[in-house]
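As provided, structure_7.txt (compact mmCIF, C-alpha atoms (C1' of nucleotides)) reads as follows.
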```txt
# COMPACT_ATOMS: atom_id res chain seq x y z
CA MET A 22 -145.16 26.85 64.62
CA PRO A 23 -144.23 28.19 68.05
CA ALA A 24 -145.28 31.58 69.23
CA THR A 25 -142.28 33.88 69.16
CA ALA A 26 -143.03 36.79 71.41
CA THR A 27 -140.40 39.51 71.29
CA ARG A 28 -140.84 42.50 73.50
CA ALA A 29 -139.77 45.84 72.18
CA ASN A 30 -137.77 47.32 74.98
CA ASN A 31 -134.80 45.08 75.28
CA ARG A 32 -132.24 46.62 77.58
CA ILE A 33 -129.30 44.53 76.43
CA ASP A 34 -127.65 47.51 74.76
CA LEU A 35 -128.16 49.60 77.87
CA VAL A 36 -126.38 46.92 79.88
CA LEU A 37 -123.51 46.73 77.42
CA ASP A 38 -123.11 50.51 77.41
CA ALA A 39 -123.02 50.59 81.20
CA ALA A 40 -120.50 47.77 81.41
CA ALA A 41 -118.31 49.31 78.71
CA GLU A 42 -118.27 52.63 80.53
CA LEU A 43 -117.30 51.07 83.84
CA PHE A 44 -114.74 48.64 82.40
CA ALA A 45 -113.14 51.50 80.47
CA THR A 46 -112.94 53.93 83.39
CA LYS A 47 -112.40 51.62 86.35
CA GLY A 48 -111.15 48.34 84.93
CA PHE A 49 -112.64 44.85 84.77
CA HIS A 50 -111.97 43.47 88.24
CA GLU A 51 -112.62 46.86 89.82
CA THR A 52 -116.17 46.78 88.44
CA SER A 53 -118.80 44.58 90.07
CA THR A 54 -121.85 43.19 88.34
CA ARG A 55 -123.90 45.19 90.84
CA ASP A 56 -122.20 48.38 89.65
CA ILE A 57 -123.17 47.56 86.09
CA ALA A 58 -126.74 46.72 87.02
CA ALA A 59 -127.10 49.95 88.98
CA LEU A 60 -125.86 52.07 86.08
CA ALA A 61 -128.17 50.25 83.67
CA ARG A 62 -131.07 50.58 86.14
CA ILE A 63 -131.65 46.87 86.18
CA GLN A 64 -131.60 44.21 88.88
CA PRO A 65 -128.20 42.50 89.34
CA GLY A 66 -129.62 39.09 88.57
CA SER A 67 -131.13 40.25 85.30
CA LEU A 68 -127.69 40.49 83.75
CA TYR A 69 -127.62 36.72 83.59
CA TYR A 70 -130.62 36.52 81.38
CA HIS A 71 -128.66 38.21 78.61
CA PHE A 72 -125.14 36.98 79.36
CA ALA A 73 -123.83 33.70 80.70
CA ASN A 74 -121.45 35.44 83.07
CA LYS A 75 -119.28 38.51 83.61
CA ASP A 76 -116.69 37.22 81.14
CA GLY A 77 -119.41 37.07 78.49
CA LEU A 78 -120.03 40.75 78.96
CA LEU A 79 -116.36 41.52 78.45
CA LEU A 80 -116.21 39.39 75.33
CA ALA A 81 -119.21 41.15 73.80
CA ILE A 82 -117.64 44.53 74.54
CA TYR A 83 -114.35 43.45 73.01
CA GLN A 84 -116.14 42.37 69.84
CA GLU A 85 -118.05 45.62 69.60
CA GLY A 86 -114.85 47.55 70.33
CA VAL A 87 -113.00 45.92 67.46
CA LYS A 88 -115.93 46.59 65.17
CA ARG A 89 -116.19 50.26 66.06
CA LEU A 90 -112.45 50.81 65.85
CA SER A 91 -112.13 49.02 62.53
CA ASP A 92 -115.13 50.78 61.03
CA ALA A 93 -113.87 54.20 62.12
CA VAL A 94 -110.40 53.58 60.76
CA GLU A 95 -111.53 52.14 57.46
CA ALA A 96 -114.01 54.93 56.88
CA GLU A 97 -111.35 57.55 57.50
CA VAL A 98 -108.81 55.89 55.25
CA ALA A 99 -111.11 54.89 52.42
CA SER A 100 -110.84 57.97 50.20
CA LEU A 101 -107.05 58.26 50.43
CA SER A 102 -104.44 56.54 48.33
CA ASP A 103 -101.09 57.92 49.49
CA PRO A 104 -99.73 55.45 52.08
CA TRP A 105 -98.45 58.20 54.37
CA GLU A 106 -101.78 59.99 54.32
CA ARG A 107 -103.50 56.68 54.96
CA LEU A 108 -101.32 56.01 58.00
CA GLU A 109 -102.07 59.44 59.44
CA ALA A 110 -105.79 59.02 58.79
CA ALA A 111 -105.76 55.61 60.46
CA LEU A 112 -103.99 57.02 63.50
CA ARG A 113 -106.38 59.97 63.61
CA ALA A 114 -109.44 57.72 63.55
CA HIS A 115 -107.84 55.39 66.09
CA LEU A 116 -107.06 58.21 68.51
CA GLU A 117 -110.38 59.96 68.05
CA THR A 118 -112.20 56.72 68.74
CA ILE A 119 -110.31 55.77 71.91
CA LEU A 120 -110.17 59.33 73.25
CA ASN A 121 -113.55 60.78 72.32
CA GLN A 122 -115.89 58.36 70.64
CA THR A 123 -116.73 55.26 72.55
CA HIS A 124 -115.96 53.36 75.70
CA TYR A 125 -115.95 50.06 73.83
CA ALA A 126 -112.64 50.78 72.16
CA ARG A 127 -111.12 51.99 75.41
CA VAL A 128 -111.91 48.65 77.00
CA LEU A 129 -110.07 46.91 74.20
CA ILE A 130 -106.92 48.77 75.14
CA ARG A 131 -107.24 49.08 78.90
CA VAL A 132 -108.44 45.63 79.91
CA LEU A 133 -105.74 43.07 79.24
CA PRO A 134 -106.81 39.61 78.02
CA ASP A 135 -105.44 37.88 81.10
CA SER A 136 -108.02 39.72 83.18
CA ALA A 137 -110.36 36.90 82.20
CA PRO A 138 -108.25 33.73 81.84
CA ALA A 139 -111.18 31.60 80.70
CA ILE A 140 -111.65 33.68 77.53
CA ALA A 141 -108.14 35.11 77.22
CA ASP A 142 -107.54 33.28 73.93
CA LYS A 143 -110.59 34.83 72.31
CA LEU A 144 -109.67 38.29 73.56
CA VAL A 145 -106.15 37.95 72.18
CA GLN A 146 -107.63 36.84 68.88
CA LEU A 147 -109.84 39.93 68.72
CA ARG A 148 -106.89 42.18 69.42
CA ARG A 149 -104.92 40.46 66.66
CA GLU A 150 -107.80 41.04 64.29
CA TYR A 151 -107.56 44.77 64.74
CA GLU A 152 -103.77 44.82 64.80
CA GLY A 153 -103.84 43.11 61.43
CA LEU A 154 -105.61 46.14 60.06
CA MET A 155 -102.94 48.47 61.44
CA ARG A 156 -100.26 46.17 60.10
CA SER A 157 -101.53 46.63 56.59
CA TYR A 158 -101.04 50.39 56.75
CA VAL A 159 -97.49 50.07 58.02
CA ASP A 160 -96.63 47.40 55.48
CA ALA A 161 -97.81 49.69 52.68
CA LEU A 162 -95.31 52.41 53.58
CA PRO A 163 -92.30 52.95 51.29
CA LEU A 164 -89.59 52.36 53.88
CA PRO A 165 -85.83 51.89 53.50
CA GLU A 166 -84.64 48.36 52.88
CA GLY A 167 -84.18 46.32 56.06
CA THR A 168 -86.60 48.33 58.17
CA ASP A 169 -88.12 46.23 60.94
CA ARG A 170 -91.76 46.91 60.13
CA SER A 171 -93.22 44.82 62.95
CA LEU A 172 -91.13 46.67 65.50
CA LEU A 173 -92.15 49.97 63.94
CA ARG A 174 -95.80 48.95 64.15
CA LEU A 175 -95.45 48.06 67.81
CA PHE A 176 -93.80 51.39 68.53
CA ILE A 177 -96.60 53.28 66.80
CA ILE A 178 -99.37 51.36 68.56
CA GLY A 179 -97.64 51.79 71.91
CA ALA A 180 -97.14 55.50 71.41
CA ALA A 181 -100.73 56.00 70.31
CA ASN A 182 -102.42 53.89 72.96
CA HIS A 183 -100.39 55.50 75.71
CA ALA A 184 -102.38 58.66 75.01
CA GLN A 185 -105.26 57.02 76.82
CA VAL A 186 -103.22 57.33 80.01
CA TRP A 187 -101.99 60.89 79.70
CA HIS A 188 -104.55 62.59 77.48
CA LYS A 189 -106.86 65.12 79.10
CA PRO A 190 -109.66 66.81 77.16
CA GLY A 191 -108.99 70.41 76.22
CA GLN A 192 -105.33 69.80 75.48
CA ARG A 193 -104.08 68.62 72.14
CA THR A 194 -106.75 67.15 69.90
CA PRO A 195 -106.56 63.55 68.72
CA ALA A 196 -106.03 64.88 65.20
CA GLU A 197 -103.02 66.92 66.32
CA ILE A 198 -101.51 63.97 68.14
CA ALA A 199 -102.01 61.73 65.11
CA GLN A 200 -100.48 64.33 62.81
CA GLU A 201 -97.37 64.70 64.96
CA LEU A 202 -96.92 60.95 65.37
CA ALA A 203 -97.32 60.34 61.65
CA ARG A 204 -94.93 63.19 60.88
CA MET A 205 -92.28 61.69 63.16
CA VAL A 206 -92.59 58.25 61.62
CA ARG A 207 -92.36 59.71 58.14
CA ALA A 208 -89.36 61.85 59.00
CA SER A 209 -87.54 58.91 60.53
CA ALA A 210 -88.07 56.94 57.34
CA THR A 211 -86.78 59.63 55.00
CA ALA A 212 -83.79 60.71 57.09
CA THR A 213 -80.43 61.27 55.43
CA GLU A 214 -78.56 59.32 58.11
CA MET B 56 -83.52 52.84 128.09
CA PRO B 57 -86.00 50.37 126.68
CA ALA B 58 -84.95 46.99 125.51
CA THR B 59 -84.88 46.98 121.74
CA ALA B 60 -85.05 43.41 120.63
CA THR B 61 -84.66 42.98 116.87
CA ARG B 62 -84.86 39.53 115.47
CA ALA B 63 -82.64 38.66 112.59
CA ASN B 64 -84.91 36.95 110.14
CA ASN B 65 -87.34 39.60 109.07
CA ARG B 66 -89.38 38.42 106.14
CA ILE B 67 -90.57 41.82 105.05
CA ASP B 68 -88.46 41.70 101.88
CA LEU B 69 -89.77 38.24 101.10
CA VAL B 70 -93.30 39.60 101.33
CA LEU B 71 -92.50 42.55 99.10
CA ASP B 72 -90.86 40.31 96.51
CA ALA B 73 -93.89 38.04 96.46
CA ALA B 74 -96.34 40.91 96.16
CA ALA B 75 -94.28 42.56 93.42
CA GLU B 76 -94.17 39.34 91.43
CA LEU B 77 -97.92 38.83 91.66
CA PHE B 78 -98.88 42.45 91.06
CA ALA B 79 -96.59 42.52 88.02
CA THR B 80 -97.85 39.30 86.46
CA LYS B 81 -101.52 39.26 87.47
CA GLY B 82 -102.38 42.83 88.44
CA PHE B 83 -103.34 44.47 91.71
CA HIS B 84 -107.02 43.57 92.09
CA GLU B 85 -106.44 40.16 90.57
CA THR B 86 -104.06 39.34 93.42
CA SER B 87 -105.40 38.52 96.88
CA THR B 88 -103.52 39.01 100.13
CA ARG B 89 -103.81 35.26 100.60
CA ASP B 90 -101.99 34.72 97.28
CA ILE B 91 -99.16 36.94 98.49
CA ALA B 92 -98.96 35.24 101.87
CA ALA B 93 -98.87 31.81 100.25
CA LEU B 94 -96.01 32.78 97.92
CA ALA B 95 -94.10 34.32 100.82
CA ARG B 96 -94.79 31.25 102.99
CA ILE B 97 -96.39 33.33 105.70
CA GLN B 98 -99.81 33.44 107.31
CA PRO B 99 -102.27 35.86 105.63
CA GLY B 100 -102.75 37.87 108.79
CA SER B 101 -99.00 38.38 109.24
CA LEU B 102 -98.93 40.77 106.31
CA TYR B 103 -100.63 43.33 108.52
CA TYR B 104 -97.82 43.37 111.02
CA HIS B 105 -95.55 44.87 108.37
CA PHE B 106 -98.05 46.89 106.32
CA ALA B 107 -101.16 48.81 107.26
CA ASN B 108 -103.13 47.38 104.36
CA LYS B 109 -102.92 46.11 100.80
CA ASP B 110 -102.52 49.65 99.48
CA GLY B 111 -99.45 50.06 101.69
CA LEU B 112 -97.87 47.10 99.96
CA LEU B 113 -98.48 48.65 96.56
CA LEU B 114 -97.05 51.98 97.66
CA ALA B 115 -93.87 50.35 98.97
CA ILE B 116 -93.46 48.47 95.69
CA TYR B 117 -93.99 51.64 93.67
CA GLN B 118 -91.28 53.40 95.69
CA GLU B 119 -88.84 50.55 95.24
CA GLY B 120 -89.73 50.38 91.54
CA VAL B 121 -88.91 54.03 91.00
CA LYS B 122 -85.65 53.60 92.86
CA ARG B 123 -84.54 50.57 90.87
CA LEU B 124 -85.52 52.09 87.54
CA SER B 125 -83.85 55.41 88.30
CA ASP B 126 -80.69 53.76 89.60
CA ALA B 127 -80.42 51.50 86.56
CA VAL B 128 -80.94 54.35 84.11
CA GLU B 129 -78.57 56.75 85.82
CA ALA B 130 -75.84 54.13 86.09
CA GLU B 131 -76.12 53.30 82.40
CA VAL B 132 -76.08 56.94 81.33
CA ALA B 133 -73.41 58.21 83.71
CA SER B 134 -70.30 57.69 81.58
CA LEU B 135 -71.80 59.15 78.40
CA SER B 136 -71.92 62.76 77.31
CA ASP B 137 -73.46 62.75 73.83
CA PRO B 138 -77.19 63.40 74.31
CA TRP B 139 -78.23 60.85 71.67
CA GLU B 140 -76.08 58.18 73.24
CA ARG B 141 -77.49 59.11 76.62
CA LEU B 142 -81.06 58.71 75.35
CA GLU B 143 -80.32 55.29 73.93
CA ALA B 144 -78.56 54.22 77.12
CA ALA B 145 -81.51 55.41 79.20
CA LEU B 146 -83.96 53.49 77.01
CA ARG B 147 -81.73 50.42 77.12
CA ALA B 148 -81.58 50.46 80.92
CA HIS B 149 -85.31 51.17 81.11
CA LEU B 150 -86.22 48.26 78.84
CA GLU B 151 -83.75 45.85 80.44
CA THR B 152 -85.15 46.67 83.85
CA ILE B 153 -88.83 46.24 82.98
CA LEU B 154 -88.27 43.22 80.76
CA ASN B 155 -85.57 41.27 82.57
CA GLN B 156 -84.48 42.73 85.85
CA THR B 157 -87.15 43.20 88.45
CA HIS B 158 -90.86 42.86 89.05
CA TYR B 159 -90.92 46.12 90.99
CA ALA B 160 -90.49 48.23 87.88
CA ARG B 161 -93.08 46.21 86.00
CA VAL B 162 -95.65 47.03 88.68
CA LEU B 163 -94.91 50.71 88.20
CA ILE B 164 -95.98 50.42 84.58
CA ARG B 165 -98.70 47.81 84.74
CA VAL B 166 -100.68 48.86 87.80
CA LEU B 167 -102.40 52.19 87.19
CA PRO B 168 -102.64 54.64 90.09
CA ASP B 169 -106.43 54.53 90.12
CA SER B 170 -106.25 50.88 91.10
CA ALA B 171 -105.92 52.20 94.66
CA PRO B 172 -107.90 55.45 94.86
CA ALA B 173 -106.90 56.14 98.47
CA ILE B 174 -103.22 56.48 97.52
CA ALA B 175 -103.61 57.41 93.86
CA ASP B 176 -102.07 60.84 94.42
CA LYS B 177 -98.90 59.37 95.88
CA LEU B 178 -98.62 56.83 93.08
CA VAL B 179 -99.02 59.54 90.45
CA GLN B 180 -96.33 61.55 92.22
CA LEU B 181 -93.93 58.62 92.12
CA ARG B 182 -94.56 58.14 88.42
CA ARG B 183 -93.89 61.83 87.84
CA GLU B 184 -90.65 61.52 89.73
CA TYR B 185 -89.36 58.96 87.27
CA GLU B 186 -90.81 60.68 84.23
CA GLY B 187 -88.91 63.80 85.25
CA LEU B 188 -85.72 61.81 84.78
CA MET B 189 -86.73 60.74 81.28
CA ARG B 190 -87.78 64.27 80.50
CA SER B 191 -84.26 65.51 81.16
CA TYR B 192 -82.82 63.22 78.52
CA VAL B 193 -85.32 64.34 75.89
CA ASP B 194 -84.88 67.99 76.78
CA ALA B 195 -81.12 67.65 76.27
CA LEU B 196 -81.52 66.52 72.66
CA PRO B 197 -80.59 68.96 69.88
CA LEU B 198 -83.94 69.05 68.12
CA PRO B 199 -85.30 71.35 65.41
CA GLU B 200 -86.91 74.57 66.57
CA GLY B 201 -90.56 74.16 67.53
CA THR B 202 -90.40 70.46 68.29
CA ASP B 203 -93.02 69.43 70.83
CA ARG B 204 -90.67 67.78 73.30
CA SER B 205 -93.33 66.73 75.78
CA LEU B 206 -95.28 64.97 73.07
CA LEU B 207 -92.10 63.33 71.85
CA ARG B 208 -91.36 62.15 75.38
CA LEU B 209 -94.86 60.68 75.70
CA PHE B 210 -94.48 58.85 72.40
CA ILE B 211 -91.14 57.39 73.46
CA ILE B 212 -92.39 56.25 76.86
CA GLY B 213 -95.52 54.76 75.31
CA ALA B 214 -93.58 52.91 72.65
CA ALA B 215 -91.08 51.56 75.19
CA ASN B 216 -93.55 50.53 77.88
CA HIS B 217 -95.77 48.78 75.34
CA ALA B 218 -92.96 46.25 75.00
CA GLN B 219 -94.07 44.86 78.35
CA VAL B 220 -97.24 43.68 76.61
CA TRP B 221 -95.79 42.15 73.47
CA HIS B 222 -92.25 41.19 74.41
CA LYS B 223 -91.47 37.52 74.79
CA PRO B 224 -88.06 36.27 75.93
CA GLY B 225 -85.91 34.83 73.18
CA GLN B 226 -86.98 37.39 70.62
CA ARG B 227 -85.34 40.77 70.27
CA THR B 228 -83.22 41.79 73.23
CA PRO B 229 -84.06 44.93 75.22
CA ALA B 230 -80.83 46.45 73.92
CA GLU B 231 -81.90 45.88 70.32
CA ILE B 232 -85.31 47.38 70.94
CA ALA B 233 -83.76 50.42 72.61
CA GLN B 234 -81.31 50.86 69.77
CA GLU B 235 -84.01 50.77 67.14
CA LEU B 236 -86.27 53.16 69.04
CA ALA B 237 -83.44 55.61 69.65
CA ARG B 238 -82.41 55.36 66.02
CA MET B 239 -85.91 56.18 64.86
CA VAL B 240 -86.19 59.19 67.13
CA ARG B 241 -82.83 60.46 65.98
CA ALA B 242 -83.66 59.99 62.32
CA SER B 243 -86.95 61.81 62.68
CA ALA B 244 -85.14 64.75 64.24
CA THR B 245 -82.48 65.03 61.54
CA ALA B 246 -84.76 64.50 58.56
CA THR B 247 -84.50 66.77 55.53
CA GLU B 248 -88.27 67.28 55.33
C1' DG C 240 -159.64 35.86 75.25
C1' DA C 241 -156.51 31.91 76.26
C1' DC C 242 -151.81 30.76 75.83
C1' DT C 243 -146.81 31.10 75.22
C1' DT C 244 -142.61 33.06 76.21
C1' DA C 245 -139.17 37.00 76.25
C1' DA C 246 -137.75 39.92 79.61
C1' DC C 247 -137.44 40.92 83.64
C1' DC C 248 -137.53 41.29 89.47
C1' DA C 249 -136.70 39.86 94.45
C1' DA C 250 -134.24 37.21 97.31
C1' DG C 251 -130.47 34.99 98.72
C1' DC C 252 -126.63 31.13 98.46
C1' DG C 253 -121.95 30.03 98.91
C1' DC C 254 -117.59 31.82 98.58
C1' DT C 255 -113.66 34.84 98.78
C1' DC C 256 -112.20 39.18 99.98
C1' DG C 257 -109.44 42.55 103.08
C1' DC C 258 -108.57 42.86 107.56
C1' DT C 259 -108.70 42.10 112.95
C1' DT C 260 -107.81 39.95 117.15
C1' DG C 261 -105.76 37.30 120.79
C1' DG C 262 -102.30 34.30 121.61
C1' DT C 263 -97.35 32.35 120.88
C1' DT C 264 -92.32 32.27 120.20
C1' DA C 265 -87.80 33.54 120.58
C1' DA C 266 -84.13 37.13 120.16
C1' DG C 267 -81.78 40.28 122.71
C1' DG C 268 -81.05 43.84 126.82
C1' DA C 269 -80.48 44.43 131.90
C1' DT D 206 -82.07 34.87 134.53
C1' DC D 207 -85.91 37.61 133.90
C1' DC D 208 -88.27 40.63 131.08
C1' DT D 209 -89.48 43.14 127.06
C1' DT D 210 -90.86 43.18 122.49
C1' DA D 211 -90.25 42.17 117.43
C1' DA D 212 -92.12 38.91 114.62
C1' DC D 213 -94.98 35.96 113.85
C1' DC D 214 -99.43 32.22 113.83
C1' DA D 215 -104.40 30.53 114.13
C1' DA D 216 -108.89 31.65 113.73
C1' DG D 217 -112.48 34.05 112.10
C1' DC D 218 -115.57 38.44 111.24
C1' DG D 219 -118.30 41.18 108.25
C1' DA D 220 -118.81 42.75 103.73
C1' DG D 221 -119.02 42.25 98.98
C1' DC D 222 -118.45 39.13 95.25
C1' DG D 223 -120.36 36.32 91.03
C1' DC D 224 -124.12 33.88 90.21
C1' DT D 225 -128.72 31.05 90.84
C1' DT D 226 -133.44 30.35 91.50
C1' DG D 227 -138.37 30.82 91.51
C1' DG D 228 -141.76 33.91 90.61
C1' DT D 229 -143.94 37.96 87.85
C1' DT D 230 -145.23 40.84 83.93
C1' DA D 231 -146.54 41.96 79.58
C1' DA D 232 -145.80 41.59 74.50
C1' DG D 233 -147.13 38.98 70.84
C1' DT D 234 -149.59 34.56 68.58
C1' DC D 235 -153.56 31.88 67.45
```
Could you render the structure as structure tokens?
Amino acid sequence: MPATATRANNRIDLVLDAAAELFATKGFHETSTRDIAALARIQPGSLYYHFANKDGLLLAIYQEGVKRLSDAVEAEVASLSDPWERLEAALRAHLETILNQTHYARVLIRVLPDSAPAIADKLVQLRREYEGLMRSYVDALPLPEGTDRSLLRLFIIGAANHAQVWHKPGQRTPAEIAQELARMVRASATATE
Amino acid sequence: MPATATRANNRIDLVLDAAAELFATKGFHETSTRDIAALARIQPGSLYYHFANKDGLLLAIYQEGVKRLSDAVEAEVASLSDPWERLEAALRAHLETILNQTHYARVLIRVLPDSAPAIADKLVQLRREYEGLMRSYVDALPLPEGTDRSLLRLFIIGAANHAQVWHKPGQRTPAEIAQELARMVRASATATE
DNA sequence: GACTTAACCAAGCGCTCGCTTGGTTAAGGA
DNA sequence: TCCTTAACCAAGCGAGCGCTTGGTTAAGTC
């Protein structure tokens, strides 16, 4: 049986946090591995003990981003049964996560998959995973016959994610934005033409 | 009077077209000046006869992008007087331009101002210039008292621009997307609560 | 206490980046 | 026809990039 020595202070999470922060605020190609190492107070070369390359870092952040977003949304929606309330709760959790909570989710939205061609397929897949969750909330809505639900979903996601560009802290809260967006969607579905 | 010799074949437009195409499809930092030169069939160093630096290229493309978008929207809206029809026409021109027409407008949406910190202020200003145009169409709508028009405008722009991410040719046409988005906005404004 | 190995550090390699520089060509004015 | 100059080309500089490599340290095993 081989000796398995595991040291306590593993700085892999520190590295991921640093990379997520920089990718989210500056972008992927605008961030160098030296930037990440400096923020994590580690030597640049040490990154490559934990990750195969820079793309690997991005992939790990994407995965964590999907997890945090999904967990936040599902927790917020769990206790509700009305589909409209569930949509608003999902949007609220989504907006709170990408605007206040964590850099990981911001990366998911800001850094496009084609930033890293070698792993673009996997990144697209991770995005789809989360979008599938959102899809379920839109599909559950009682909408008029013939409504293009996939187009509606794309509109909602676009409107919500755009907040990451224009939102500044101290203005409207994520909850207020979610409420207004959900209200608009609901109103458009129950209009008297 | 000095001799002013001006040669006919100035390839400055060729360079701008090449840069716009690459910035729009790959991003700003993902595109090298050598990539641009190669596509424009010019030597890398020759770029710097026409532009001070890479940022200068981006600025010129932003300016042209605003011009083309504004021209397209204003031309499409000109003959209409009903505010709802004007909104739909504006969205139709906007979507047709960023999805089919020109790479210049795509750059305006894809490349964030903070990609080039030294000229970020000017880029933000150019974006504002165009957003002011869109604002006028939303402000002209007959909406219920107390409607948050700026939030509505941000939702609309976000929903529309997101199409650049998901849209693939051969699916829904820009006109169809614009129609559906305008319809939704209108319905949400005339709902019976 | 000897040994193994996870978790690093220090140094730097090769490459590509944005950009500069000095020279060349040809269009047009006098 | 001579001269000026707009519009390039050819070559390469210095810096920063992603990543590698060989050595070091200390946590845990027996």
Polymer residues at most 12 Å from (-91.5, 45.8, 90.1) by only C-alpha atoms (C1' of nucleotides), as number ranges by chain: B: 71-80, 82, 112-124, 152-166
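A cut-off of 12 Å from the point (-119.5, 44.2, 99.5), with all atoms listed in the file, picks out the residues Thr52, Ser53, Thr54, Arg55 and Asp56 of chain A; DT255, DC256 and DG257 of chain C; DG219, DA220, DG221, DC222 and DG223 of chain D.
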Quick one: everything within 8 Å of segment 163-170 of chain A, counting all atoms listed in the file, minus sequence neighbours fewer than 5 positions away in the same chain. Send it as a compact mmCIF listing (two decimals) with C-alpha atoms, in the coordinates of the input.
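Contents of part-v5.txt, freshly written:
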```txt
# COMPACT_ATOMS: atom_id res chain seq x y z
CA PRO A 104 -99.73 55.45 52.08
CA ALA A 210 -88.07 56.94 57.34
CA THR A 211 -86.78 59.63 55.00
```
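Least-squares superposition of chain A onto chain B, taking every C-alpha atom paired in order, leaves an RMSD of 0.0 Å.
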Would you give me, as CSV, each residue of chain C having an atom within 10 Å of an atom of chain A, along with its shortest atom pair and that distance in Å to one decimal, using all atoms listed in the file and sorting by chain and residue number?
```
residue,atom,partner,partner_atom,distance
C:DC242,C1',A:Ala24,CA,9.3
C:DT243,C1',A:Ala24,CA,6.2
C:DT244,C1',A:Ala26,CA,6.1
C:DA245,C1',A:Thr27,CA,5.7
C:DA246,C1',A:Arg28,CA,7.3
C:DC247,C1',A:Ser67,CA,6.6
C:DC248,C1',A:Gln64,CA,6.6
C:DA249,C1',A:Gln64,CA,8.7
```
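Among D:DC207, D:DC218, D:DA231, D:DA212, the residue with the shortest atom-to-atom distance to chain A, counting only C-alpha atoms (C1' of nucleotides), is D:DA231.
Between atom CA of Asp68 of chain B and atom C1' of DT259 of chain C there is a distance of 23.1 Å.
Atom to atom, atom CA of Arg204 of chain A and atom CA of Trp105 of chain A stand 8.9 Å apart.
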Can you work out the spacing between atom CA of Ala208 of chain A and atom CA of Arg149 of chain A in Å, to one decimal? 27.5 Å
Provide as number ranges by chain the residues of chain A at most 6 Å from chain B, counting only C-alpha atoms. A: 176, 179-180, 183, 205, 208-209, 212
Pull out every residue of chain D sitting within 6 Å of chain A, counting only C-alpha atoms (C1' of nucleotides), and send them as a PyMOL selection string. chain D and resi 232-234
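Close contacts of segment 91-98 of chain A, defined as residues with an atom at most 10 Å away when counting all atoms listed in the file, with chain neighbours fewer than 5 positions off set aside, comprise Glu85, Gly86, Asp103, Pro104, Glu106, Arg107, Leu108, Glu109, Ala110, Ala111, Leu112, Arg113, Ala114, His115, Leu116, Glu117, Thr118, Gln122, Ala126, Glu150, Tyr151, Glu152, Leu154, Met155 and Tyr158 of chain A.
Nearest to DA266 of chain C of all the residues D:DA216, D:DA211, D:DC224, D:DC235 is D:DA211, based on all atoms listed in the file.
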Put a box with edges along x, y and z around all the listed atoms of segment 68-78 of chain B, pad it by 6 Å on each side, then give me its centre and sizes in Å, one decimal, as lines of an AutoDock Vina configuration file.
```
center_x = -93.7
center_y = 40.3
center_z = 96.5
size_x = 22.4
size_y = 16.5
size_z = 22.8
```
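Minimum distance to DC208 of chain D across C:DA241, C:DA250, C:DC258, C:DA269 (counting all atoms listed in the file) occurs at C:DA269.
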